[in-house]
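Undergrad: This structure is in C-alpha cells; I'll ask about it shortly.
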Amino acid sequence: MKMIRLSKRLMLRLKSAESVVAFTGAGISAESGVPTFRGADGIWAKMRPEELASMAGFLKNPDLVWQWYAHRKRVIADVEPNAGHRALVDMERLFPHVTVITQNIDNLHRRAGSSIVHELHGNIERNYCMKCGTTYANEAVLAAAGVPLCDACGGTIRPDVVWFGEMLPEEEWDRSLRAAQSADLFFSIGTSSVVYPAASLPLTAKMQGAYLVEINPEPTPLTGRADEFLQGPAGDILPMICTCAEQERRAMT
Ligand SMILES: [Zn+2]
C-alpha cells in the first residue's frame with residue numbers, strides 16, 4: 001500500500017472535529033466487488049440503465065425489470081463490506097458525530113455497522129407495494145415467480161430504490177443537507193460528483209466551514225474545489241485516516 005501524506009490542516013481537523021460526514025458513491029462499493037450499472041454482465045450488458053431502472057421501463061416490462069433486480073439482489077447479497085466501510089464505523093469511536101450519506105443502494109454501510117446512514121437512492125434490500133405501501137424483505141419477493149404481488153392488496157411490489165426521473169426521498173435529503181451544513185470535516189468518497197442535487201452536498205459543507213477532503217482513485221470535477229485530494233482506494237485511505245485521527249486525539253487527552 002502506498003503511504004499518503006496528510007496535510008497539517010487535515011491533521012488539525014482530525015484532532016478537533018466534532019461532526020464528520022462521509023458522502024459515498026459507487027467507488028467504495030466497487031472495492032467490495034459490487035458491479036456498476038455500466039459494468040453489468042451477460043444479457044444485461046445490452047440494456048440501457050433507463051430501461052431497467054425507471055417507472056416507464058417498469059410499466060412497459062415489469063417481468064424484465066424484476067429479473068434484473070432479482071439478479072442484482074443476489075449479486076449484492078454475496079458481497080461483503082470492505083475496509084473502507086469498516087473504517088467509517090471505527091470513526092464513531094473517534095468523533096462525537098459521524099454521519100454517512102450514501103448514493104449506494106447495496107446496504108453495505110449498515111451491514112458494516114454504521115449507526116447513522118442516510119440513503120439518497122434507497123436500499124435494494126427493501127421493497128414496497130406500489131398501491132398500499134406495505135414493505136417486504138428480499139426473501140419474500142425473491143421467492144415469488146415473476147412479478148411479486150402484495151399479500152395485503154394484490155398490488156405490484158417494487159424495489160425501494162430511486163429510479164431515473166424520480167425525486168430523492170425528502171426526509172433523507174433534508175437530514176443529509178443538515179448534516180452537510182453542520183460538518184467540520186466532510187469526506188467525499190468514491191463518487192464522481194456529477195449527479196445533482198446530491199453532488200451539491202460537498203460544496204454546501206465547504207461553504208458552511210467544513211474542511212472538504214476527496215478520496216478517489218482518479219480526479220473528478222470536484223477535485224479542484226476540494227481542500228484536499230487523497231488519491232487511491234477508500235479501503236486503503238480511510239483506515240489510514242482513522243489511525244492518524246486516533247493518534248491525534250489521544251495526544252489531546
Ligand atoms: Zn399492497
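By convention here, the chains of the C-alpha cells are called A, B, ... in the order presented, each chain's residues are numbered starting at 1, and ligands are numbered starting at 1 in the order presented.
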Taking only C-alpha atoms and all ligand atoms into account, which residues have an atom no farther than 12 Å from ligand 1? I'd like them as a list in words.
TA: Asn127, Tyr128, Cys129, Met130, Lys131, Cys132, Gly133, Thr134, Thr135, Tyr136, Pro148, Leu149, Cys150, Asp151, Ala152, Cys153, Gly154, Gly155, Thr156, Ile157 and Arg158 of chain A
Undergrad: Near Ala145 in chain A, counting only C-alpha atoms, which residues have an atom at most 12 Å away, once you skip same-chain residues fewer than 2 positions from it, shown as a list in words?
TA: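 Surrounding residues, per the criterion: Asp63, Trp66, Gln67, Ala70, Ala140, Val141, Leu142, Ala143, Val147, Pro148 and Leu149 of chain A.
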Undergrad: Save the residues we just selected, all heavy atoms, as a PDB file, in the first residue's frame?
TA:
ATOM      1  N   ASP A  63     -41.802  -7.798 -15.807  1.00  0.00           N
ATOM      2  CA  ASP A  63     -41.093  -9.076 -15.656  1.00  0.00           C
ATOM      3  C   ASP A  63     -39.590  -8.900 -15.835  1.00  0.00           C
ATOM      4  O   ASP A  63     -38.796  -9.404 -15.059  1.00  0.00           O
ATOM      5  CB  ASP A  63     -41.595 -10.086 -16.702  1.00  0.00           C
ATOM      6  CG  ASP A  63     -42.854 -10.783 -16.220  1.00  0.00           C
ATOM      7  OD1 ASP A  63     -42.772 -11.450 -15.167  1.00  0.00           O
ATOM      8  OD2 ASP A  63     -43.899 -10.636 -16.881  1.00  0.00           O
ATOM      9  N   TRP A  66     -38.024  -6.993 -12.967  1.00  0.00           N
ATOM     10  CA  TRP A  66     -37.886  -7.820 -11.764  1.00  0.00           C
ATOM     11  C   TRP A  66     -36.785  -8.870 -11.907  1.00  0.00           C
ATOM     12  O   TRP A  66     -36.088  -9.184 -10.951  1.00  0.00           O
ATOM     13  CB  TRP A  66     -39.213  -8.459 -11.337  1.00  0.00           C
ATOM     14  CG  TRP A  66     -39.809  -7.649 -10.221  1.00  0.00           C
ATOM     15  CD1 TRP A  66     -40.909  -6.848 -10.273  1.00  0.00           C
ATOM     16  CD2 TRP A  66     -39.286  -7.513  -8.886  1.00  0.00           C
ATOM     17  NE1 TRP A  66     -41.107  -6.214  -9.065  1.00  0.00           N
ATOM     18  CE2 TRP A  66     -40.119  -6.613  -8.199  1.00  0.00           C
ATOM     19  CE3 TRP A  66     -38.185  -8.045  -8.214  1.00  0.00           C
ATOM     20  CZ2 TRP A  66     -39.900  -6.241  -6.862  1.00  0.00           C
ATOM     21  CZ3 TRP A  66     -37.964  -7.680  -6.882  1.00  0.00           C
ATOM     22  CH2 TRP A  66     -38.811  -6.787  -6.223  1.00  0.00           C
ATOM     23  N   GLN A  67     -36.623  -9.401 -13.126  1.00  0.00           N
ATOM     24  CA  GLN A  67     -35.500 -10.345 -13.330  1.00  0.00           C
ATOM     25  C   GLN A  67     -34.166  -9.666 -13.052  1.00  0.00           C
ATOM     26  O   GLN A  67     -33.269 -10.243 -12.444  1.00  0.00           O
ATOM     27  CB  GLN A  67     -35.482 -10.849 -14.780  1.00  0.00           C
ATOM     28  CG  GLN A  67     -36.468 -11.961 -15.072  1.00  0.00           C
ATOM     29  CD  GLN A  67     -36.470 -12.289 -16.560  1.00  0.00           C
ATOM     30  OE1 GLN A  67     -35.412 -12.354 -17.187  1.00  0.00           O
ATOM     31  NE2 GLN A  67     -37.646 -12.456 -17.123  1.00  0.00           N
ATOM     32  N   ALA A  70     -33.850  -9.089  -9.265  1.00  0.00           N
ATOM     33  CA  ALA A  70     -33.584 -10.356  -8.574  1.00  0.00           C
ATOM     34  C   ALA A  70     -32.103 -10.713  -8.742  1.00  0.00           C
ATOM     35  O   ALA A  70     -31.432 -11.122  -7.791  1.00  0.00           O
ATOM     36  CB  ALA A  70     -34.480 -11.459  -9.124  1.00  0.00           C
ATOM     37  N   ALA A 140     -39.031 -12.580   0.723  1.00  0.00           N
ATOM     38  CA  ALA A 140     -40.411 -12.709   0.260  1.00  0.00           C
ATOM     39  C   ALA A 140     -40.511 -12.471  -1.248  1.00  0.00           C
ATOM     40  O   ALA A 140     -41.151 -13.253  -1.967  1.00  0.00           O
ATOM     41  CB  ALA A 140     -41.302 -11.730   1.007  1.00  0.00           C
ATOM     42  N   VAL A 141     -39.856 -11.428  -1.739  1.00  0.00           N
ATOM     43  CA  VAL A 141     -40.022 -11.104  -3.165  1.00  0.00           C
ATOM     44  C   VAL A 141     -39.214 -12.047  -4.062  1.00  0.00           C
ATOM     45  O   VAL A 141     -39.627 -12.346  -5.182  1.00  0.00           O
ATOM     46  CB  VAL A 141     -39.676  -9.634  -3.489  1.00  0.00           C
ATOM     47  CG1 VAL A 141     -40.613  -8.687  -2.753  1.00  0.00           C
ATOM     48  CG2 VAL A 141     -38.237  -9.296  -3.180  1.00  0.00           C
ATOM     49  N   LEU A 142     -38.092 -12.539  -3.551  1.00  0.00           N
ATOM     50  CA  LEU A 142     -37.278 -13.435  -4.390  1.00  0.00           C
ATOM     51  C   LEU A 142     -37.911 -14.821  -4.498  1.00  0.00           C
ATOM     52  O   LEU A 142     -37.622 -15.584  -5.416  1.00  0.00           O
ATOM     53  CB  LEU A 142     -35.847 -13.541  -3.847  1.00  0.00           C
ATOM     54  CG  LEU A 142     -35.003 -12.266  -4.016  1.00  0.00           C
ATOM     55  CD1 LEU A 142     -33.644 -12.406  -3.347  1.00  0.00           C
ATOM     56  CD2 LEU A 142     -34.831 -11.908  -5.496  1.00  0.00           C
ATOM     57  N   ALA A 143     -38.805 -15.159  -3.562  1.00  0.00           N
ATOM     58  CA  ALA A 143     -39.484 -16.462  -3.615  1.00  0.00           C
ATOM     59  C   ALA A 143     -40.600 -16.449  -4.653  1.00  0.00           C
ATOM     60  O   ALA A 143     -41.050 -17.502  -5.109  1.00  0.00           O
ATOM     61  CB  ALA A 143     -40.041 -16.808  -2.236  1.00  0.00           C
ATOM     62  N   VAL A 147     -43.362 -11.298 -11.290  1.00  0.00           N
ATOM     63  CA  VAL A 147     -43.511 -10.035 -10.570  1.00  0.00           C
ATOM     64  C   VAL A 147     -44.189 -10.301  -9.222  1.00  0.00           C
ATOM     65  O   VAL A 147     -45.286 -10.841  -9.180  1.00  0.00           O
ATOM     66  CB  VAL A 147     -44.351  -9.043 -11.399  1.00  0.00           C
ATOM     67  CG1 VAL A 147     -44.561  -7.746 -10.624  1.00  0.00           C
ATOM     68  CG2 VAL A 147     -43.675  -8.765 -12.735  1.00  0.00           C
ATOM     69  N   PRO A 148     -43.547  -9.938  -8.105  1.00  0.00           N
ATOM     70  CA  PRO A 148     -44.167 -10.192  -6.797  1.00  0.00           C
ATOM     71  C   PRO A 148     -45.371  -9.284  -6.550  1.00  0.00           C
ATOM     72  O   PRO A 148     -45.342  -8.101  -6.894  1.00  0.00           O
ATOM     73  CB  PRO A 148     -43.032  -9.900  -5.805  1.00  0.00           C
ATOM     74  CG  PRO A 148     -42.040  -9.076  -6.545  1.00  0.00           C
ATOM     75  CD  PRO A 148     -42.217  -9.326  -8.005  1.00  0.00           C
ATOM     76  N   LEU A 149     -46.424  -9.876  -5.967  1.00  0.00           N
ATOM     77  CA  LEU A 149     -47.641  -9.118  -5.689  1.00  0.00           C
ATOM     78  C   LEU A 149     -47.863  -9.040  -4.176  1.00  0.00           C
ATOM     79  O   LEU A 149     -47.462  -9.925  -3.430  1.00  0.00           O
ATOM     80  CB  LEU A 149     -48.851  -9.767  -6.364  1.00  0.00           C
ATOM     81  CG  LEU A 149     -48.760  -9.880  -7.897  1.00  0.00           C
ATOM     82  CD1 LEU A 149     -49.966 -10.638  -8.455  1.00  0.00           C
ATOM     83  CD2 LEU A 149     -48.635  -8.498  -8.548  1.00  0.00           C
TER      84      LEU A 149
END
Undergrad: Skip Gly113 in chain A itself and residues of its chain fewer than 6 positions away, then list as a PyMOL selection string all residues within 9 Å of it, counting only C-alpha atoms.
TA: chain A and resi 85-86+88-89
Undergrad: Within 8 Å of Val161 in chain A, counting only C-alpha atoms, which residues qualify if same-chain residues fewer than 6 places away don't, as a ChimeraX atom specification?
TA: /A:105,121-124
Undergrad: Grab the residues selected above and save them as a short mmCIF file (atom, residue, chain, number, x, y, z; two decimals), in the first residue's frame with N, CA, C and O atoms.
TA:
data_model
loop_
_atom_site.label_atom_id
_atom_site.label_comp_id
_atom_site.auth_asym_id
_atom_site.auth_seq_id
_atom_site.Cartn_x
_atom_site.Cartn_y
_atom_site.Cartn_z
N ILE A 105 -27.06 1.72 -3.05
CA ILE A 105 -28.30 1.06 -2.63
C ILE A 105 -28.01 -0.30 -2.01
O ILE A 105 -28.92 -1.06 -1.70
N HIS A 121 -30.56 7.11 -2.46
CA HIS A 121 -31.13 6.38 -3.61
C HIS A 121 -31.85 5.11 -3.21
O HIS A 121 -32.06 4.23 -4.04
N GLY A 122 -32.22 5.00 -1.93
CA GLY A 122 -32.95 3.82 -1.47
C GLY A 122 -32.04 2.68 -1.07
O GLY A 122 -30.84 2.86 -0.87
N ASN A 123 -32.66 1.49 -0.93
CA ASN A 123 -31.94 0.33 -0.42
C ASN A 123 -32.51 -0.92 -1.08
O ASN A 123 -33.70 -1.21 -0.99
N ILE A 124 -31.63 -1.65 -1.77
CA ILE A 124 -32.08 -2.80 -2.56
C ILE A 124 -32.57 -3.96 -1.70
O ILE A 124 -33.20 -4.89 -2.19
#
Undergrad: Using only C-alpha atoms, which residue out of A:Pro96, A:Pro81, A:Gly146, A:Pro217 lies closest to Arg110 in chain A?
TA: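 Comparing A:Pro96, A:Pro81, A:Gly146, A:Pro217 against Arg110 in chain A, the winner is A:Pro81.
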Undergrad: Taking only C-alpha atoms into account, which of A:Ser29, A:Asn107, A:Ser16, A:Ser182 comes nearest Phe95 in chain A?
TA: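 Checking each candidate against Phe95 in chain A, we get A:Ser16 as the closest.
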Undergrad: Just give me the gap between CA of Thr24 in chain A and CA of Ile189 in chain A in Å, one decimal is fine.
TA: 4.8 Å
Undergrad: Do you know which residues are at most 9 Å from Ile28 in chain A counting only C-alpha atoms, after dropping those on the same chain fewer than 6 positions away, and could you put them as number ranges by chain?
TA: A: 82, 84-85, 104, 189-191, 216, 233-235
Undergrad: Using only C-alpha atoms, which of A:Asp227, A:Glu172, A:Glu18, A:Glu125 sits nearest Asp160 in chain A?
TA: A:Glu125
Undergrad: Please identify which residues in range 58-155 of chain A DSSP calls strand (DSSP E or B) from the backbone, and express them as a list in words.
TA: His97, Val98, Thr99, Val100, Ile101, Thr102, Val117, His118, Glu119, Gly122, Asn123, Ile124, Glu125, Arg126, Asn127, Tyr128, Cys129, Thr135, Tyr136, Ala137 and Leu149 of chain A
Undergrad: Once you have the residues from the selection above, write them out as an mmCIF file, in the first residue's frame, restricted to C-alpha atoms.
TA:
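File written: result_8.cif
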data_model
loop_
_atom_site.group_PDB
_atom_site.id
_atom_site.type_symbol
_atom_site.label_atom_id
_atom_site.label_comp_id
_atom_site.auth_asym_id
_atom_site.auth_seq_id
_atom_site.Cartn_x
_atom_site.Cartn_y
_atom_site.Cartn_z
ATOM 1 C CA HIS A 97 -20.926 12.750 15.446
ATOM 2 C CA VAL A 98 -20.406 10.654 12.336
ATOM 3 C CA THR A 99 -22.967 10.615 9.535
ATOM 4 C CA VAL A 100 -22.809 8.522 6.391
ATOM 5 C CA ILE A 101 -24.673 9.834 3.367
ATOM 6 C CA THR A 102 -24.673 7.328 0.544
ATOM 7 C CA VAL A 117 -26.815 6.190 7.307
ATOM 8 C CA HIS A 118 -28.862 8.405 5.009
ATOM 9 C CA GLU A 119 -29.660 6.547 1.787
ATOM 10 C CA GLY A 122 -32.954 3.821 -1.468
ATOM 11 C CA ASN A 123 -31.937 0.327 -0.422
ATOM 12 C CA ILE A 124 -32.080 -2.796 -2.563
ATOM 13 C CA GLU A 125 -32.830 -4.944 0.482
ATOM 14 C CA ARG A 126 -36.199 -3.239 0.848
ATOM 15 C CA ASN A 127 -39.320 -3.421 -1.344
ATOM 16 C CA TYR A 128 -42.788 -1.972 -1.120
ATOM 17 C CA CYS A 129 -46.271 -2.304 -2.604
ATOM 18 C CA THR A 135 -42.989 -3.247 2.885
ATOM 19 C CA TYR A 136 -41.405 -6.571 2.021
ATOM 20 C CA ALA A 137 -37.999 -8.117 2.706
ATOM 21 C CA LEU A 149 -47.641 -9.118 -5.689
#
Undergrad: Of the residues A:Leu120, A:Leu201, A:Ile4, A:Met11, which is the one nearest to Arg249 in chain A, using only C-alpha atoms?
TA: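 Closest residue, counting only C-alpha atoms: A:Met11.
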Undergrad: If you run DSSP on this backbone, which residues of range 87-237 of chain A come out as helix (DSSP H, G or I), and could you give them as a VMD selection string?
TA: chain A and resid 87 to 94 108 to 112 138 to 143 170 to 181 200 to 207 223 to 225 234 to 237
Undergrad: Would you write out those residues with N, CA and C atoms, as a compact mmCIF listing (two decimals), in the first residue's frame?
TA:
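For reference, out34.txt as written:
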# COMPACT_ATOMS: atom_id res chain seq x y z
N ALA A 87 -13.83 1.30 8.28
CA ALA A 87 -13.16 2.49 8.84
C ALA A 87 -14.19 3.56 9.20
N LEU A 88 -15.26 3.66 8.42
CA LEU A 88 -16.30 4.65 8.74
C LEU A 88 -17.04 4.27 10.03
N VAL A 89 -17.13 2.99 10.31
CA VAL A 89 -17.69 2.54 11.59
C VAL A 89 -16.72 2.89 12.72
N ASP A 90 -15.41 2.64 12.50
CA ASP A 90 -14.39 2.97 13.52
C ASP A 90 -14.42 4.45 13.89
N MET A 91 -14.72 5.30 12.91
CA MET A 91 -14.73 6.75 13.19
C MET A 91 -15.72 7.10 14.29
N GLU A 92 -16.73 6.27 14.49
CA GLU A 92 -17.72 6.56 15.53
C GLU A 92 -17.11 6.52 16.93
N ARG A 93 -16.00 5.81 17.09
CA ARG A 93 -15.30 5.80 18.38
C ARG A 93 -14.48 7.07 18.55
N LEU A 94 -14.12 7.70 17.41
CA LEU A 94 -13.14 8.79 17.44
C LEU A 94 -13.78 10.17 17.45
N LEU A 108 -24.37 -1.84 2.27
CA LEU A 108 -23.09 -2.26 2.86
C LEU A 108 -22.68 -1.42 4.07
N HIS A 109 -23.06 -0.15 4.11
CA HIS A 109 -22.73 0.66 5.30
C HIS A 109 -23.45 0.14 6.53
N ARG A 110 -24.73 -0.20 6.37
CA ARG A 110 -25.47 -0.74 7.52
C ARG A 110 -24.93 -2.10 7.92
N ARG A 111 -24.62 -2.92 6.90
CA ARG A 111 -24.08 -4.25 7.23
C ARG A 111 -22.73 -4.14 7.94
N ALA A 112 -21.94 -3.12 7.59
CA ALA A 112 -20.64 -2.92 8.26
C ALA A 112 -20.86 -2.49 9.71
N ASN A 138 -36.38 -8.96 1.12
CA ASN A 138 -35.98 -9.62 -0.12
C ASN A 138 -36.40 -11.09 -0.21
N GLU A 139 -36.35 -11.81 0.92
CA GLU A 139 -36.69 -13.24 0.89
C GLU A 139 -38.08 -13.43 0.28
N ALA A 140 -39.03 -12.58 0.72
CA ALA A 140 -40.41 -12.71 0.26
C ALA A 140 -40.51 -12.47 -1.25
N VAL A 141 -39.86 -11.43 -1.74
CA VAL A 141 -40.02 -11.10 -3.17
C VAL A 141 -39.21 -12.05 -4.06
N LEU A 142 -38.09 -12.54 -3.55
CA LEU A 142 -37.28 -13.43 -4.39
C LEU A 142 -37.91 -14.82 -4.50
N ALA A 143 -38.81 -15.16 -3.56
CA ALA A 143 -39.48 -16.46 -3.61
C ALA A 143 -40.60 -16.45 -4.65
N GLU A 170 -37.45 12.71 0.45
CA GLU A 170 -37.36 14.05 1.02
C GLU A 170 -36.70 14.09 2.40
N GLU A 171 -37.12 13.16 3.27
CA GLU A 171 -36.61 13.19 4.64
C GLU A 171 -35.10 12.88 4.65
N GLU A 172 -34.69 11.89 3.87
CA GLU A 172 -33.27 11.54 3.81
C GLU A 172 -32.46 12.72 3.28
N TRP A 173 -33.01 13.39 2.30
CA TRP A 173 -32.32 14.54 1.72
C TRP A 173 -32.19 15.67 2.74
N ASP A 174 -33.29 15.98 3.45
CA ASP A 174 -33.26 17.06 4.44
C ASP A 174 -32.22 16.76 5.52
N ARG A 175 -32.20 15.52 5.98
CA ARG A 175 -31.23 15.15 7.02
C ARG A 175 -29.80 15.24 6.49
N SER A 176 -29.62 14.85 5.24
CA SER A 176 -28.29 14.89 4.63
C SER A 176 -27.80 16.33 4.52
N LEU A 177 -28.70 17.19 4.10
CA LEU A 177 -28.35 18.60 3.94
C LEU A 177 -27.97 19.21 5.28
N ARG A 178 -28.75 18.90 6.31
CA ARG A 178 -28.44 19.43 7.65
C ARG A 178 -27.09 18.92 8.14
N ALA A 179 -26.82 17.64 7.89
CA ALA A 179 -25.53 17.07 8.31
C ALA A 179 -24.39 17.76 7.58
N ALA A 180 -24.56 18.00 6.29
CA ALA A 180 -23.52 18.66 5.50
C ALA A 180 -23.28 20.08 6.02
N GLN A 181 -24.38 20.77 6.36
CA GLN A 181 -24.27 22.16 6.82
C GLN A 181 -23.57 22.28 8.16
N SER A 200 -24.21 18.50 -4.83
CA SER A 200 -24.06 19.81 -4.20
C SER A 200 -23.67 19.71 -2.73
N LEU A 201 -23.81 18.50 -2.14
CA LEU A 201 -23.54 18.37 -0.70
C LEU A 201 -22.11 18.73 -0.30
N PRO A 202 -21.08 18.24 -1.02
CA PRO A 202 -19.72 18.59 -0.60
C PRO A 202 -19.46 20.09 -0.61
N LEU A 203 -19.95 20.78 -1.62
CA LEU A 203 -19.69 22.23 -1.71
C LEU A 203 -20.51 23.00 -0.69
N THR A 204 -21.72 22.50 -0.40
CA THR A 204 -22.52 23.12 0.66
C THR A 204 -21.76 23.03 1.99
N ALA A 205 -21.22 21.84 2.26
CA ALA A 205 -20.47 21.65 3.51
C ALA A 205 -19.29 22.61 3.56
N LYS A 206 -18.57 22.72 2.45
CA LYS A 206 -17.40 23.59 2.42
C LYS A 206 -17.79 25.06 2.66
N MET A 207 -18.86 25.48 2.01
CA MET A 207 -19.30 26.87 2.18
C MET A 207 -19.66 27.18 3.63
N THR A 223 -12.48 17.71 -7.67
CA THR A 223 -11.11 17.71 -7.15
C THR A 223 -10.53 19.12 -6.98
N GLY A 224 -10.71 19.96 -7.99
CA GLY A 224 -10.13 21.30 -7.94
C GLY A 224 -10.74 22.17 -6.86
N ARG A 225 -11.92 21.80 -6.37
CA ARG A 225 -12.59 22.64 -5.38
C ARG A 225 -12.48 22.06 -3.98
N ALA A 234 -10.60 3.85 -1.22
CA ALA A 234 -11.10 4.16 0.12
C ALA A 234 -10.65 3.10 1.13
N GLY A 235 -10.56 1.86 0.67
CA GLY A 235 -10.17 0.77 1.56
C GLY A 235 -8.75 0.90 2.09
N ASP A 236 -7.90 1.67 1.40
CA ASP A 236 -6.54 1.96 1.89
C ASP A 236 -6.52 3.25 2.71
N ILE A 237 -7.19 4.26 2.17
CA ILE A 237 -7.02 5.61 2.73
C ILE A 237 -7.82 5.82 4.02
Undergrad: What's the separation between CA of Gln231 in chain A and CA of Leu212 in chain A, in Å to one decimal place?
TA: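 So the answer is 14.0 Å.
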Undergrad: Rounded to one decimal place, report the CA of Arg9 in chain A-CA of Val213 in chain A distance in Å.
TA: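 These two atoms are separated by 10.8 Å.
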